[in-house]
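Structure first, commentary second.
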Amino acid sequence: MFSSRTLQILGVVCGLFVIAWGAYLYVQVPHASAPFKKTGEAAVILIRQNGRQVELRRKDKQWEAGAGLGGPFYRTDADRVKTLLSGVESLHVEDEISARPQSAAEFEVDAASGTRVTSQAANGKILADGVFGKQAPDFTHIYFRYDDRPNVYLAGGLIRGELGEPGLAYWRDKNLISMAEPDVQSVVIQGPDFKTSLARAGTAAWTLDGKPIDPAPVYALIGQLAHLKADDFVDAAASPTVTMGSLKFAHVTIQGKDRTVELSIGPEDKAAKRYPAATDPLDLAWISESRVAPLLLKPSAFHAPRKP
């Protein structure tokens, strides 16, 4: 027969064993089923895939994008950042699919194919870090792996496309001009050999050099200018001669109710049928020939209104 003292010791040992076993099981499963739920509080989000990366950082209430390594940061496409944040915050980890390290490539949660997303607080603390793989056959789930463990899980709440791409161009805001059309008060187009000066003269009236004109062509012009987007951005390494100072081919000034936008356009890249243009030195962009031509209207494009 065991003494009561021995039974007490055995009880303590068994209790410690149960606690240790519970701790072991705990580290084998996800600590949280929604690991990115605090991403909205993040100051930095890193997106990496097969050697490529982009860094998103919060500046006040806006987000900027950069390639990292101390490079410049640019305005982001707000809708794409919103989609990313909403997607990862909605992620919920479900069933474990595999615990074998060899399974990473099969489910595309390895370094070569997976998209790794890391969110950090302002003090550098890691809030979440995981690798997103391919879409599951049901198209409503995605394969997911925590960066510090080999286990592959099935996760819901996000599709892979919502993660975007680990490239700076994807995240940059392509809006060169964003102005409400009714706010436009005047447009001055300075071309290579002409100048067109348009001004609002009432709710639905416009003038050319102070003389009344048919407003229809003006509204068509404003519709394109007020929402002008870049087709792509200038790569300084590929086009070193394209600078803000080289954009002297044409100039368009758009006067709004509370701000003025200056659009500078450089000489055409005839081989690619595109023009370099910018409203900001940090946003040197390319605009196709077919979209620039309708902006550079000579005075002859506007006519006096028809008499009733």
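Scheme for the structure tokens: letters A, B, ... for chains in order shown; per-chain residue numbers from 1; ligand numbers from 1 in order shown.
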Quiz prompt | Selection: 8 Å around stretch 128-133 of chain A, only C-alpha atoms, excl. self and same-chain fewer than 3 positions, as a PyMOL selection string | solution = chain A and resi 35-36+39+107-110+113-120+142-147+160
Self-check item: Contacts of A:Val252 within 12 Å, only C-alpha atoms, excl. fewer than 5 positions in-chain, as a PyMOL selection string
Solution: chain A and resi 177+186-192+194-198+221-222+225-226+247+260-266+277-279+292+295-297
Selection above as a file: C-alpha atoms, as a CSV table (one decimal), in the first residue's frame:
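Resulting contents of selection.csv:
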```
chain,number,residue,atom,x,y,z
A,177,ILE,CA,-5.9,64.8,-61.0
A,186,SER,CA,-11.1,77.5,-65.6
A,187,VAL,CA,-8.7,75.6,-67.8
A,188,VAL,CA,-5.7,77.0,-69.6
A,189,ILE,CA,-3.9,74.9,-72.1
A,190,GLN,CA,-0.5,76.0,-73.3
A,191,GLY,CA,0.5,73.9,-76.3
A,192,PRO,CA,3.7,74.0,-78.5
A,194,PHE,CA,-1.1,77.8,-79.1
A,195,LYS,CA,-2.9,78.8,-76.0
A,196,THR,CA,-6.5,78.0,-75.0
A,197,SER,CA,-8.0,79.9,-72.1
A,198,LEU,CA,-11.4,78.6,-70.9
A,221,LEU,CA,-12.6,68.1,-71.8
A,222,ILE,CA,-13.2,68.6,-68.0
A,225,LEU,CA,-9.0,66.2,-67.0
A,226,ALA,CA,-10.8,66.0,-63.6
A,247,LEU,CA,8.2,68.2,-69.2
A,260,THR,CA,-5.1,74.7,-58.6
A,261,VAL,CA,-3.6,71.7,-60.3
A,262,GLU,CA,-0.7,72.1,-62.8
A,263,LEU,CA,-0.3,69.3,-65.3
A,264,SER,CA,3.1,69.3,-67.1
A,265,ILE,CA,3.6,67.2,-70.2
A,266,GLY,CA,6.8,66.2,-71.9
A,277,ALA,CA,3.4,63.8,-67.5
A,278,ALA,CA,3.1,64.9,-63.9
A,279,THR,CA,1.3,67.0,-61.4
A,292,VAL,CA,-3.3,63.1,-74.3
A,295,LEU,CA,-6.5,67.2,-73.7
A,296,LEU,CA,-4.5,69.5,-75.9
A,297,LEU,CA,-7.3,71.3,-77.6
```
Quiz item: Could you pull out the helix (DSSP H, G or I) residues of stretch 90-150 of chain A from DSSP and send them as a list in words?
Solution: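 So the helix (DSSP H, G or I) residues in stretch 90-150 of chain A would be Ser90, Ser103, Ala104, Ala105 and Glu106 of chain A.
Relative to atom CA of A:Leu84, atom CA of A:Ala180 is found at 26.9 Å.
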Contacts of A:Leu228 at 9 Å or less, counting only C-alpha atoms, minus same-chain residues fewer than 5 places along, as a PDB file with C-alpha atoms, in the first residue's frame?
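What landed in out15.pdb:
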```pdb
ATOM      1  CA  LYS A 174      -2.567  56.439 -60.366  1.00  0.00           C
ATOM      2  CA  ASN A 175      -4.801  59.478 -59.937  1.00  0.00           C
ATOM      3  CA  LEU A 176      -2.878  62.439 -61.342  1.00  0.00           C
ATOM      4  CA  ILE A 177      -5.867  64.762 -60.994  1.00  0.00           C
ATOM      5  CA  SER A 178      -8.882  64.175 -58.788  1.00  0.00           C
ATOM      6  CA  GLY A 223     -14.604  65.056 -67.779  1.00  0.00           C
TER       7      GLY A 223
END
```
Exercise. Run DSSP on the backbone and give me the residues of stretch 86-277 of chain A it puts in strand (DSSP E), as a ChimeraX atom specification.
Key: /A:92-98,115-120,126-135,141-146,152-156,186-190,195-202,205-208,211-213,232-233,250-255,260-265,274-277
Quiz prompt | Shortest interatomic distance to A:Ala230 - which of A:Ser246, A:Gln185, A:Ser288, A:Gln255, counting only C-alpha atoms | solution =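 Smallest separation from A:Ala230 among the options: A:Ser288.
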Quiz item: In Å to one decimal, how far is atom CA of A:Leu154 from atom CA of A:Ser98?
Solution: 9.6 Å
Quiz prompt | Atom pair atom CA of A:Leu282 / atom CA of A:Ser239: separation (Å) | solution = 14.5 Å
